[in-house]
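Engineer: Quick one, my_file-v1.tsv (TSV, N, CA and C atoms):
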chain	number	residue	atom	x	y	z
A	1	MET	N	152.58	75.33	78.03
A	1	MET	CA	151.54	74.32	78.01
A	1	MET	C	151.56	73.57	76.69
A	2	SER	N	151.23	72.33	76.78
A	2	SER	CA	151.19	71.48	75.59
A	2	SER	C	150.02	71.87	74.69
A	3	GLN	N	150.25	71.76	73.41
A	3	GLN	CA	149.20	72.01	72.43
A	3	GLN	C	148.57	70.70	71.98
A	4	GLU	N	148.69	69.69	72.82
A	4	GLU	CA	148.13	68.36	72.54
A	4	GLU	C	147.00	68.09	73.53
A	5	PRO	N	146.06	67.24	73.15
A	5	PRO	CA	144.98	66.88	74.08
A	5	PRO	C	145.55	66.20	75.33
A	6	VAL	N	144.87	66.39	76.44
A	6	VAL	CA	145.26	65.76	77.70
A	6	VAL	C	144.15	64.79	78.09
A	7	ALA	N	144.49	63.53	78.21
A	7	ALA	CA	143.54	62.53	78.68
A	7	ALA	C	143.49	62.61	80.20
A	8	LEU	N	142.35	62.98	80.75
A	8	LEU	CA	142.26	63.16	82.20
A	8	LEU	C	142.57	61.88	82.97
A	9	ALA	N	142.12	60.74	82.48
A	9	ALA	CA	142.39	59.48	83.18
A	9	ALA	C	143.90	59.26	83.30
A	10	ALA	N	144.64	59.49	82.22
A	10	ALA	CA	146.09	59.33	82.26
A	10	ALA	C	146.73	60.39	83.16
A	11	ALA	N	146.21	61.60	83.13
A	11	ALA	CA	146.75	62.66	83.97
A	11	ALA	C	146.57	62.31	85.46
A	12	PHE	N	145.37	61.85	85.83
A	12	PHE	CA	145.15	61.44	87.22
A	12	PHE	C	146.05	60.27	87.60
A	13	ALA	N	146.28	59.36	86.68
A	13	ALA	CA	147.11	58.17	86.96
A	13	ALA	C	148.59	58.52	87.12
A	14	SER	N	148.99	59.73	86.71
A	14	SER	CA	150.41	60.08	86.72
A	14	SER	C	150.94	60.55	88.07
A	15	PHE	N	150.06	60.68	89.08
A	15	PHE	CA	150.53	61.11	90.41
A	15	PHE	C	149.66	60.46	91.48
A	16	ALA	N	150.20	60.38	92.69
A	16	ALA	CA	149.48	59.73	93.79
A	16	ALA	C	149.16	60.68	94.94
A	17	GLU	N	149.85	61.80	95.04
A	17	GLU	CA	149.71	62.69	96.18
A	17	GLU	C	148.29	63.25	96.29
A	18	LEU	N	147.82	63.36	97.54
A	18	LEU	CA	146.51	63.95	97.81
A	18	LEU	C	146.66	65.44	98.09
A	19	TRP	N	145.62	66.20	97.76
A	19	TRP	CA	145.58	67.64	98.01
A	19	TRP	C	146.81	68.35	97.42
A	20	SER	N	147.25	67.90	96.25
A	20	SER	CA	148.44	68.44	95.58
A	20	SER	C	148.15	68.58	94.09
A	21	PRO	N	147.49	69.67	93.69
A	21	PRO	CA	146.98	69.78	92.31
A	21	PRO	C	148.07	69.86	91.25
A	22	ARG	N	147.70	69.31	90.09
A	22	ARG	CA	148.54	69.36	88.89
A	22	ARG	C	147.86	70.25	87.86
A	23	ILE	N	148.65	71.06	87.18
A	23	ILE	CA	148.12	71.96	86.14
A	23	ILE	C	148.10	71.20	84.83
A	24	VAL	N	146.90	70.99	84.27
A	24	VAL	CA	146.80	70.21	83.03
A	24	VAL	C	146.79	71.09	81.79
A	25	THR	N	146.33	72.33	81.93
A	25	THR	CA	146.34	73.28	80.82
A	25	THR	C	146.01	74.66	81.38
A	26	ALA	N	145.98	75.65	80.52
A	26	ALA	CA	145.61	77.01	80.91
A	26	ALA	C	144.59	77.55	79.93
A	27	VAL	N	143.72	78.40	80.44
A	27	VAL	CA	142.73	79.10	79.63
A	27	VAL	C	142.87	80.58	79.98
A	28	ASN	N	143.35	81.37	79.02
A	28	ASN	CA	143.64	82.78	79.29
A	28	ASN	C	144.56	82.87	80.50
A	29	ASP	N	144.15	83.53	81.56
A	29	ASP	CA	144.99	83.69	82.75
A	29	ASP	C	144.59	82.72	83.87
A	30	TYR	N	143.97	81.62	83.49
A	30	TYR	CA	143.49	80.64	84.47
A	30	TYR	C	144.18	79.30	84.28
A	31	ASP	N	144.46	78.63	85.41
A	31	ASP	CA	144.95	77.25	85.38
A	31	ASP	C	143.76	76.31	85.46
A	32	VAL	N	143.83	75.23	84.70
A	32	VAL	CA	142.93	74.11	84.87
A	32	VAL	C	143.74	73.08	85.64
A	33	ARG	N	143.34	72.81	86.87
A	33	ARG	CA	144.08	71.93	87.75
A	33	ARG	C	143.26	70.69	88.08
A	34	ILE	N	143.95	69.58	88.29
A	34	ILE	CA	143.29	68.38	88.77
A	34	ILE	C	143.94	67.97	90.08
A	35	ALA	N	143.17	67.32	90.93
A	35	ALA	CA	143.71	66.87	92.21
A	35	ALA	C	142.97	65.63	92.67
A	36	LYS	N	143.70	64.81	93.41
A	36	LYS	CA	143.11	63.69	94.13
A	36	LYS	C	142.96	64.16	95.58
A	37	VAL	N	141.81	63.90	96.16
A	37	VAL	CA	141.57	64.38	97.52
A	37	VAL	C	140.88	63.30	98.34
A	38	GLU	N	141.13	63.33	99.63
A	38	GLU	CA	140.46	62.46	100.59
A	38	GLU	C	140.73	63.03	101.96
A	39	GLY	N	139.75	62.95	102.86
A	39	GLY	CA	139.90	63.57	104.17
A	39	GLY	C	139.60	65.05	104.07
A	40	GLU	N	140.20	65.84	104.97
A	40	GLU	CA	139.88	67.26	105.05
A	40	GLU	C	141.01	68.15	104.56
A	41	HIS	N	140.65	69.25	103.96
A	41	HIS	CA	141.59	70.30	103.55
A	41	HIS	C	141.74	71.23	104.75
A	42	VAL	N	141.69	72.52	104.55
A	42	VAL	CA	141.85	73.50	105.62
A	42	VAL	C	140.86	74.64	105.35
A	43	TRP	N	140.32	75.24	106.42
A	43	TRP	CA	139.49	76.43	106.23
A	43	TRP	C	140.36	77.51	105.59
A	44	HIS	N	139.86	78.12	104.51
A	44	HIS	CA	140.62	79.18	103.85
A	44	HIS	C	139.69	80.09	103.05
A	45	VAL	N	140.25	81.21	102.61
A	45	VAL	CA	139.51	82.23	101.86
A	45	VAL	C	140.36	82.71	100.69
A	46	HIS	N	139.74	82.84	99.54
A	46	HIS	CA	140.36	83.51	98.40
A	46	HIS	C	139.71	84.89	98.32
A	47	ASP	N	140.47	85.92	98.66
A	47	ASP	CA	139.91	87.27	98.74
A	47	ASP	C	139.53	87.86	97.38
A	48	HIS	N	140.23	87.45	96.31
A	48	HIS	CA	140.07	88.13	95.03
A	48	HIS	C	139.57	87.26	93.89
A	49	THR	N	139.24	86.01	94.17
A	49	THR	CA	138.80	85.16	93.07
A	49	THR	C	137.80	84.11	93.55
A	50	ASP	N	136.88	83.76	92.66
A	50	ASP	CA	136.01	82.62	92.90
A	50	ASP	C	136.84	81.35	92.71
A	51	GLU	N	136.31	80.20	93.17
A	51	GLU	CA	136.99	78.93	92.98
A	51	GLU	C	135.97	77.93	92.43
A	52	PHE	N	136.27	77.39	91.26
A	52	PHE	CA	135.37	76.46	90.55
A	52	PHE	C	135.81	75.02	90.80
A	53	PHE	N	134.86	74.17	91.16
A	53	PHE	CA	135.11	72.74	91.40
A	53	PHE	C	134.24	71.90	90.48
A	54	LEU	N	134.82	70.86	89.90
A	54	LEU	CA	134.10	69.83	89.14
A	54	LEU	C	134.53	68.49	89.71
A	55	VAL	N	133.57	67.68	90.14
A	55	VAL	CA	133.88	66.36	90.68
A	55	VAL	C	133.90	65.37	89.52
A	56	VAL	N	135.09	64.87	89.21
A	56	VAL	CA	135.26	63.91	88.12
A	56	VAL	C	134.88	62.51	88.58
A	57	GLU	N	135.27	62.18	89.81
A	57	GLU	CA	134.98	60.86	90.37
A	57	GLU	C	134.92	60.98	91.89
A	58	GLY	N	133.96	60.33	92.52
A	58	GLY	CA	133.85	60.36	93.97
A	58	GLY	C	132.82	61.36	94.44
A	59	GLU	N	133.07	61.95	95.61
A	59	GLU	CA	132.13	62.89	96.22
A	59	GLU	C	132.90	63.92	97.02
A	60	LEU	N	132.61	65.18	96.79
A	60	LEU	CA	133.28	66.28	97.49
A	60	LEU	C	132.27	67.01	98.35
A	61	HIS	N	132.67	67.34	99.57
A	61	HIS	CA	131.88	68.17	100.47
A	61	HIS	C	132.62	69.50	100.60
A	62	ILE	N	131.88	70.59	100.59
A	62	ILE	CA	132.51	71.90	100.81
A	62	ILE	C	131.73	72.61	101.91
A	63	ALA	N	132.37	72.76	103.07
A	63	ALA	CA	131.78	73.52	104.17
A	63	ALA	C	131.99	74.99	103.87
A	64	LEU	N	130.96	75.78	104.10
A	64	LEU	CA	130.98	77.22	103.81
A	64	LEU	C	130.59	78.00	105.05
A	65	ARG	N	131.30	79.07	105.33
A	65	ARG	CA	130.91	80.01	106.39
A	65	ARG	C	130.41	81.26	105.68
A	66	GLU	N	129.10	81.47	105.78
A	66	GLU	CA	128.45	82.58	105.09
A	66	GLU	C	127.76	83.48	106.11
A	67	ALA	N	127.24	84.60	105.63
A	67	ALA	CA	126.59	85.56	106.52
A	67	ALA	C	125.47	84.91	107.34
A	68	GLY	N	124.74	83.98	106.74
A	68	GLY	CA	123.64	83.33	107.43
A	68	GLY	C	124.05	82.16	108.30
A	69	GLY	N	125.34	81.84	108.34
A	69	GLY	CA	125.82	80.73	109.16
A	69	GLY	C	126.65	79.76	108.35
A	70	GLU	N	126.84	78.59	108.90
A	70	GLU	CA	127.67	77.58	108.26
A	70	GLU	C	126.78	76.53	107.60
A	71	ARG	N	127.18	76.08	106.40
A	71	ARG	CA	126.46	75.00	105.72
A	71	ARG	C	127.48	74.20	104.92
A	72	THR	N	127.07	73.02	104.50
A	72	THR	CA	127.93	72.18	103.68
A	72	THR	C	127.18	71.79	102.42
A	73	VAL	N	127.83	71.99	101.27
A	73	VAL	CA	127.27	71.52	100.01
A	73	VAL	C	127.94	70.19	99.68
A	74	VAL	N	127.15	69.27	99.14
A	74	VAL	CA	127.65	67.95	98.77
A	74	VAL	C	127.62	67.85	97.26
A	75	LEU	N	128.76	67.55	96.66
A	75	LEU	CA	128.89	67.44	95.22
A	75	LEU	C	129.14	65.99	94.83
A	76	PRO	N	128.12	65.31	94.31
A	76	PRO	CA	128.35	63.95	93.81
A	76	PRO	C	129.11	64.02	92.49
A	77	GLU	N	129.57	62.87	92.04
A	77	GLU	CA	130.29	62.76	90.78
A	77	GLU	C	129.52	63.47	89.66
A	78	GLY	N	130.25	64.27	88.87
A	78	GLY	CA	129.65	64.99	87.75
A	78	GLY	C	129.10	66.36	88.11
A	79	SER	N	129.18	66.75	89.38
A	79	SER	CA	128.64	68.03	89.82
A	79	SER	C	129.69	69.14	89.77
A	80	VAL	N	129.20	70.37	89.62
A	80	VAL	CA	130.06	71.55	89.67
A	80	VAL	C	129.54	72.49	90.74
A	81	PHE	N	130.46	73.30	91.27
A	81	PHE	CA	130.09	74.31	92.26
A	81	PHE	C	131.16	75.39	92.25
A	82	THR	N	130.74	76.63	92.44
A	82	THR	CA	131.67	77.74	92.53
A	82	THR	C	131.56	78.37	93.91
A	83	VAL	N	132.69	78.45	94.60
A	83	VAL	CA	132.76	79.15	95.88
A	83	VAL	C	133.04	80.62	95.56
A	84	PRO	N	132.15	81.53	95.96
A	84	PRO	CA	132.38	82.94	95.66
A	84	PRO	C	133.59	83.50	96.40
A	85	ARG	N	134.27	84.43	95.76
A	85	ARG	CA	135.41	85.10	96.40
A	85	ARG	C	134.99	85.64	97.76
A	86	GLY	N	135.92	85.57	98.70
A	86	GLY	CA	135.67	86.10	100.03
A	86	GLY	C	134.89	85.17	100.94
A	87	THR	N	134.51	83.98	100.46
A	87	THR	CA	133.76	83.03	101.28
A	87	THR	C	134.71	82.02	101.90
A	88	GLU	N	134.71	81.95	103.22
A	88	GLU	CA	135.55	80.97	103.91
A	88	GLU	C	134.99	79.58	103.64
A	89	HIS	N	135.86	78.66	103.27
A	89	HIS	CA	135.40	77.32	102.91
A	89	HIS	C	136.44	76.27	103.25
A	90	LYS	N	135.95	75.02	103.35
A	90	LYS	CA	136.82	73.89	103.69
A	90	LYS	C	136.34	72.66	102.93
A	91	PRO	N	137.05	72.30	101.86
A	91	PRO	CA	136.71	71.08	101.13
A	91	PRO	C	137.09	69.83	101.93
A	92	SER	N	136.32	68.77	101.72
A	92	SER	CA	136.65	67.47	102.30
A	92	SER	C	136.04	66.39	101.41
A	93	ALA	N	136.57	65.20	101.54
A	93	ALA	CA	136.06	64.07	100.75
A	93	ALA	C	136.02	62.83	101.62
A	94	PRO	N	134.84	62.20	101.74
A	94	PRO	CA	134.73	61.00	102.57
A	94	PRO	C	135.39	59.77	101.95
A	95	VAL	N	135.60	59.80	100.64
A	95	VAL	CA	136.27	58.73	99.90
A	95	VAL	C	137.25	59.37	98.93
A	96	ARG	N	138.18	58.58	98.41
A	96	ARG	CA	139.13	59.10	97.41
A	96	ARG	C	138.34	59.70	96.26
A	97	THR	N	138.62	60.95	95.93
A	97	THR	CA	137.84	61.71	94.96
A	97	THR	C	138.79	62.42	94.00
A	98	ALA	N	138.39	62.51	92.74
A	98	ALA	CA	139.16	63.23	91.71
A	98	ALA	C	138.38	64.49	91.35
A	99	ILE	N	139.07	65.63	91.41
A	99	ILE	CA	138.41	66.91	91.11
A	99	ILE	C	139.19	67.69	90.07
A	100	LEU	N	138.49	68.59	89.41
A	100	LEU	CA	139.08	69.54	88.48
A	100	LEU	C	138.74	70.93	89.01
A	101	LEU	N	139.73	71.82	89.03
A	101	LEU	CA	139.57	73.18	89.54
A	101	LEU	C	139.93	74.18	88.46
A	102	LEU	N	139.29	75.33	88.49
A	102	LEU	CA	139.62	76.43	87.59
A	102	LEU	C	139.88	77.64	88.46
A	103	GLU	N	141.14	78.13	88.40
A	103	GLU	CA	141.54	79.26	89.23
A	103	GLU	C	142.55	80.12	88.48
A	104	PRO	N	142.61	81.43	88.78
A	104	PRO	CA	143.63	82.25	88.15
A	104	PRO	C	145.03	81.70	88.42
A	105	THR	N	145.88	81.75	87.40
A	105	THR	CA	147.27	81.29	87.55
A	105	THR	C	147.90	81.98	88.75
A	106	GLY	N	148.59	81.20	89.57
A	106	GLY	CA	149.26	81.75	90.74
A	106	GLY	C	148.43	81.70	92.01
A	107	THR	N	147.18	81.25	91.93
A	107	THR	CA	146.33	81.18	93.12
A	107	THR	C	146.81	80.07	94.05
A	108	SER	N	146.95	80.38	95.31
A	108	SER	CA	147.40	79.41	96.30
A	108	SER	C	146.27	78.45	96.67
A	109	THR	N	146.62	77.19	96.88
A	109	THR	CA	145.63	76.18	97.27
A	109	THR	C	145.08	76.45	98.67
A	110	VAL	N	145.76	77.25	99.46
A	110	VAL	CA	145.27	77.56	100.80
A	110	VAL	C	144.79	79.01	100.91
A	111	GLY	N	144.57	79.64	99.77
A	111	GLY	CA	143.98	80.97	99.75
A	111	GLY	C	144.87	82.07	100.27
A	112	ASP	N	144.22	83.21	100.52
A	112	ASP	CA	144.92	84.39	101.03
A	112	ASP	C	144.97	84.40	102.55
A	113	ARG	N	144.00	83.74	103.17
A	113	ARG	CA	143.95	83.61	104.63
A	113	ARG	C	143.51	82.19	104.93
A	114	HIS	N	144.13	81.57	105.95
A	114	HIS	CA	143.80	80.18	106.24
A	114	HIS	C	144.18	79.80	107.66
A	115	ASP	N	143.58	78.69	108.12
A	115	ASP	CA	143.99	78.08	109.38
A	115	ASP	C	145.37	77.47	109.19
A	116	GLU	N	145.93	76.93	110.26
A	116	GLU	CA	147.21	76.25	110.17
A	116	GLU	C	147.10	75.12	109.15
A	117	VAL	N	148.09	75.04	108.26
A	117	VAL	CA	148.06	74.05	107.18
A	117	VAL	C	148.62	72.72	107.69
A	118	PRO	N	147.79	71.66	107.66
A	118	PRO	CA	148.28	70.36	108.11
A	118	PRO	C	149.27	69.77	107.11
A	119	ASP	N	150.05	68.80	107.56
A	119	ASP	CA	151.10	68.20	106.73
A	119	ASP	C	150.57	67.55	105.46
A	120	HIS	N	149.33	67.05	105.48
A	120	HIS	CA	148.80	66.34	104.31
A	120	HIS	C	148.27	67.28	103.21
A	121	VAL	N	148.29	68.59	103.46
A	121	VAL	CA	147.82	69.56	102.47
A	121	VAL	C	149.04	70.27	101.86
A	122	ASP	N	149.12	70.26	100.54
A	122	ASP	CA	150.22	70.90	99.82
A	122	ASP	C	149.84	72.36	99.55
A	123	ALA	N	150.50	73.29	100.24
A	123	ALA	CA	150.28	74.71	100.00
A	123	ALA	C	151.10	75.10	98.77
A	124	THR	N	150.42	75.21	97.63
A	124	THR	CA	151.11	75.40	96.36
A	124	THR	C	150.25	76.23	95.41
A	125	THR	N	150.85	76.68	94.34
A	125	THR	CA	150.09	77.31	93.26
A	125	THR	C	149.91	76.33	92.11
A	126	GLY	N	150.11	75.05	92.39
A	126	GLY	CA	149.94	73.99	91.40
A	126	GLY	C	151.29	73.49	90.91
A	127	HIS	N	151.32	72.22	90.55
A	127	HIS	CA	152.52	71.59	90.01
A	127	HIS	C	152.30	71.27	88.54
A	128	ALA	N	153.37	71.32	87.76
A	128	ALA	CA	153.27	70.94	86.35
A	128	ALA	C	152.92	69.46	86.26
A	129	LEU	N	152.13	69.12	85.30
A	129	LEU	CA	151.80	67.72	85.04
A	129	LEU	C	152.98	67.08	84.34
A	130	THR	N	153.47	65.97	84.89
A	130	THR	CA	154.64	65.32	84.28
A	130	THR	C	154.25	64.06	83.57
Before anything else, please render the file you have as structure tokens.
Structural biologist:
Amino acid sequence: MSQEPVALAAAFASFAELWSPRIVTAVNDYDVRIAKVEGEHVWHVHDHTDEFFLVVEGELHIALREAGGERTVVLPEGSVFTVPRGTEHKPSAPVRTAILLLEPTGTSTVGDRHDEVPDHVDATTGHALT
């Protein structure tokens, strides 16, 4: 990882792919990832880790399947939300949205268990920022 500051605007401008996160830095054993998203991701679960979301620009919806039923949280620009480990969830964005994620290094974007992964979703552990 670079020991230089990373300008998020420049980092977001460096790629166009949706649902394909880039690793901008690391904190201990965690990746700080950024992604551009629009449309729907896939229902998935991270069995061993929480997943932190920060909406940099736009609006993110996260559908959750919990013991009490299904609900959707709406994150406007500037909002944060953590999906607890073991919670089935499906992010979506009604408009082009920029997000920042914090996850343990090596965590798959489609979790440990997931529905069939559509072509527009990159099943990855993150790509290096170029």
Engineer: For a quick check of understanding, using only N, CA and C atoms, which of A:Trp19, A:His48, A:Thr82, A:Ile99 has the smallest distance to Ala123 of chain A?
Structural biologist: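 The answer is A:Trp19, which sits nearest to Ala123 of chain A.
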Engineer: Compare A:Thr107, A:Thr87, A:Thr97, A:Thr124 by their minimum atom-to-atom distance to Val45 of chain A, counting all atoms listed in the file, and give me the closest one.
Structural biologist: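 With all atoms listed in the file as the atom set, the closest residue is A:Thr87.
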Engineer: Can you tell me, as a PyMOL selection string, what residues are no more than 12 Å from Pro5 of chain A when counting only C-alpha atoms, ignoring any on the same chain fewer than 6 positions away?
Structural biologist: chain A and resi 11+24-25
Engineer: What does the distance from atom N of Val117 of chain A to atom CA of His41 of chain A come to in Å, to one decimal?
Structural biologist: 9.3 Å
Engineer: For Glu38 of chain A, work out the shell of residues within 5 Å, counting only N, CA and C atoms and skipping chain neighbours fewer than 5 positions away, then give it as a PDB file with N, CA and C atoms, keeping the file's coordinate frame.
Structural biologist:
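Okay, selection_38.pdb is ready:
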ATOM      1  N   ALA A  93     136.570  65.200 101.540  1.00  0.00           N
ATOM      2  CA  ALA A  93     136.060  64.070 100.750  1.00  0.00           C
ATOM      3  C   ALA A  93     136.020  62.830 101.620  1.00  0.00           C
ATOM      4  N   VAL A  95     135.600  59.800 100.640  1.00  0.00           N
ATOM      5  CA  VAL A  95     136.270  58.730  99.900  1.00  0.00           C
ATOM      6  C   VAL A  95     137.250  59.370  98.930  1.00  0.00           C
ATOM      7  N   ARG A  96     138.180  58.580  98.410  1.00  0.00           N
ATOM      8  CA  ARG A  96     139.130  59.100  97.410  1.00  0.00           C
ATOM      9  C   ARG A  96     138.340  59.700  96.260  1.00  0.00           C
TER      10      ARG A  96
END
Engineer: Hey, what's within 10 Å of Val32 of chain A if we count only C-alpha atoms and toss same-chain stuff fewer than 4 positions away? As a list in words, please?
Structural biologist: Pro21, Arg22, Ile23, Val24, Thr25, Ala26, Val27, Phe52, Leu100, Leu101, Leu102, Glu103, Pro104, Thr105 and Gly126 of chain A
Engineer: Please dump the current selection as an mmCIF file, in the frame of the given file; keep N, CA and C atoms.
Structural biologist:
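Just written: again.cif:
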data_model
loop_
_atom_site.group_PDB
_atom_site.id
_atom_site.type_symbol
_atom_site.label_atom_id
_atom_site.label_comp_id
_atom_site.auth_asym_id
_atom_site.auth_seq_id
_atom_site.Cartn_x
_atom_site.Cartn_y
_atom_site.Cartn_z
ATOM 1 N N PRO A 21 147.490 69.670 93.690
ATOM 2 C CA PRO A 21 146.980 69.780 92.310
ATOM 3 C C PRO A 21 148.070 69.860 91.250
ATOM 4 N N ARG A 22 147.700 69.310 90.090
ATOM 5 C CA ARG A 22 148.540 69.360 88.890
ATOM 6 C C ARG A 22 147.860 70.250 87.860
ATOM 7 N N ILE A 23 148.650 71.060 87.180
ATOM 8 C CA ILE A 23 148.120 71.960 86.140
ATOM 9 C C ILE A 23 148.100 71.200 84.830
ATOM 10 N N VAL A 24 146.900 70.990 84.270
ATOM 11 C CA VAL A 24 146.800 70.210 83.030
ATOM 12 C C VAL A 24 146.790 71.090 81.790
ATOM 13 N N THR A 25 146.330 72.330 81.930
ATOM 14 C CA THR A 25 146.340 73.280 80.820
ATOM 15 C C THR A 25 146.010 74.660 81.380
ATOM 16 N N ALA A 26 145.980 75.650 80.520
ATOM 17 C CA ALA A 26 145.610 77.010 80.910
ATOM 18 C C ALA A 26 144.590 77.550 79.930
ATOM 19 N N VAL A 27 143.720 78.400 80.440
ATOM 20 C CA VAL A 27 142.730 79.100 79.630
ATOM 21 C C VAL A 27 142.870 80.580 79.980
ATOM 22 N N PHE A 52 136.270 77.390 91.260
ATOM 23 C CA PHE A 52 135.370 76.460 90.550
ATOM 24 C C PHE A 52 135.810 75.020 90.800
ATOM 25 N N LEU A 100 138.490 68.590 89.410
ATOM 26 C CA LEU A 100 139.080 69.540 88.480
ATOM 27 C C LEU A 100 138.740 70.930 89.010
ATOM 28 N N LEU A 101 139.730 71.820 89.030
ATOM 29 C CA LEU A 101 139.570 73.180 89.540
ATOM 30 C C LEU A 101 139.930 74.180 88.460
ATOM 31 N N LEU A 102 139.290 75.330 88.490
ATOM 32 C CA LEU A 102 139.620 76.430 87.590
ATOM 33 C C LEU A 102 139.880 77.640 88.460
ATOM 34 N N GLU A 103 141.140 78.130 88.400
ATOM 35 C CA GLU A 103 141.540 79.260 89.230
ATOM 36 C C GLU A 103 142.550 80.120 88.480
ATOM 37 N N PRO A 104 142.610 81.430 88.780
ATOM 38 C CA PRO A 104 143.630 82.250 88.150
ATOM 39 C C PRO A 104 145.030 81.700 88.420
ATOM 40 N N THR A 105 145.880 81.750 87.400
ATOM 41 C CA THR A 105 147.270 81.290 87.550
ATOM 42 C C THR A 105 147.900 81.980 88.750
ATOM 43 N N GLY A 126 150.110 75.050 92.390
ATOM 44 C CA GLY A 126 149.940 73.990 91.400
ATOM 45 C C GLY A 126 151.290 73.490 90.910
#
Engineer: Quick one: DSSP strand (DSSP E) residues in chain A, as a PyMOL selection string?
Structural biologist: chain A and resi 22-27+30-40+44-45+51-57+59-66+69-76+80-83+88-104+113-114+127-128
Engineer: Taking all atoms of segment 116-127 of chain A that the file lists and extending 8 Å past them on each side, where is the centre of the axis-aligned box and how long are its edges? Answer in Å to one decimal, as JSON.
Structural biologist:
{"center_x": 149.2, "center_y": 71.8, "center_z": 99.4, "size_x": 22.6, "size_y": 27.0, "size_z": 37.7}
Engineer: Ranking A:Gln3, A:Ser79, A:Ser108, A:Ser20 by minimum distance to Val56 of chain A and counting only N, CA and C atoms, which one comes first?
Structural biologist: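 Checking each of A:Gln3, A:Ser79, A:Ser108, A:Ser20 against Val56 of chain A, counting only N, CA and C atoms, the winner is A:Ser79.
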Engineer: Which value, in Å to one decimal, gives the distance between atom C of Ala9 of chain A and atom C of Ala128 of chain A?
Structural biologist: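 For atom C of Ala9 of chain A relative to atom C of Ala128 of chain A, the distance reads 13.9 Å.
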Engineer: Env of segment 62-69 of chain A: 6.5 Å cut, atoms = only N, CA and C atoms, seq-sep filter 4 positions within chain, self excluded. Answer as a list in words.
Structural biologist: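 The contact residues come out as Val73, Val74, Leu75, Thr87, Glu88, His89, Lys90, Pro91 and Ser92 of chain A.
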Engineer: Give me a file of those residues, with N, CA and C atoms, as a PDB file, in the coordinates of the input.
Structural biologist:
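Okay, selection.pdb is ready:
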ATOM      1  N   VAL A  73     127.830  71.990 101.270  1.00  0.00           N
ATOM      2  CA  VAL A  73     127.270  71.520 100.010  1.00  0.00           C
ATOM      3  C   VAL A  73     127.940  70.190  99.680  1.00  0.00           C
ATOM      4  N   VAL A  74     127.150  69.270  99.140  1.00  0.00           N
ATOM      5  CA  VAL A  74     127.650  67.950  98.770  1.00  0.00           C
ATOM      6  C   VAL A  74     127.620  67.850  97.260  1.00  0.00           C
ATOM      7  N   LEU A  75     128.760  67.550  96.660  1.00  0.00           N
ATOM      8  CA  LEU A  75     128.890  67.440  95.220  1.00  0.00           C
ATOM      9  C   LEU A  75     129.140  65.990  94.830  1.00  0.00           C
ATOM     10  N   THR A  87     134.510  83.980 100.460  1.00  0.00           N
ATOM     11  CA  THR A  87     133.760  83.030 101.280  1.00  0.00           C
ATOM     12  C   THR A  87     134.710  82.020 101.900  1.00  0.00           C
ATOM     13  N   GLU A  88     134.710  81.950 103.220  1.00  0.00           N
ATOM     14  CA  GLU A  88     135.550  80.970 103.910  1.00  0.00           C
ATOM     15  C   GLU A  88     134.990  79.580 103.640  1.00  0.00           C
ATOM     16  N   HIS A  89     135.860  78.660 103.270  1.00  0.00           N
ATOM     17  CA  HIS A  89     135.400  77.320 102.910  1.00  0.00           C
ATOM     18  C   HIS A  89     136.440  76.270 103.250  1.00  0.00           C
ATOM     19  N   LYS A  90     135.950  75.020 103.350  1.00  0.00           N
ATOM     20  CA  LYS A  90     136.820  73.890 103.690  1.00  0.00           C
ATOM     21  C   LYS A  90     136.340  72.660 102.930  1.00  0.00           C
ATOM     22  N   PRO A  91     137.050  72.300 101.860  1.00  0.00           N
ATOM     23  CA  PRO A  91     136.710  71.080 101.130  1.00  0.00           C
ATOM     24  C   PRO A  91     137.090  69.830 101.930  1.00  0.00           C
ATOM     25  N   SER A  92     136.320  68.770 101.720  1.00  0.00           N
ATOM     26  CA  SER A  92     136.650  67.470 102.300  1.00  0.00           C
ATOM     27  C   SER A  92     136.040  66.390 101.410  1.00  0.00           C
TER      28      SER A  92
END
Engineer: Go through A:Gly111, A:Gly106, A:Trp43, A:His61 one by one, measure the shortest atom-to-atom distance of each to Arg85 of chain A using only C-alpha atoms, and give the residue with the smallest value.
Structural biologist: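 Of A:Gly111, A:Gly106, A:Trp43, A:His61, the one nearest Arg85 of chain A, counting only C-alpha atoms, is A:Gly111.
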Engineer: With distances taken over all atoms listed in the file, which of A:Leu18, A:Phe81, A:Ala98, A:Arg71 is nearest to Glu57 of chain A?
Structural biologist: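 Result for the nearest residue to Glu57 of chain A: A:Ala98.
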Engineer: Given all atoms listed in the file as the basis, pick out the residue of A:Ala13, A:Val83, A:Leu60, A:Val110 nearest to His44 of chain A.
Structural biologist: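 Checking each of A:Ala13, A:Val83, A:Leu60, A:Val110 against His44 of chain A, counting all atoms listed in the file, the winner is A:Val110.
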Engineer: Please return, as a ChimeraX atom specification, all residues of segment 1-128 of chain A that DSSP assigns to alpha helix (DSSP H) on the basis of the backbone.
Structural biologist: /A:8-13
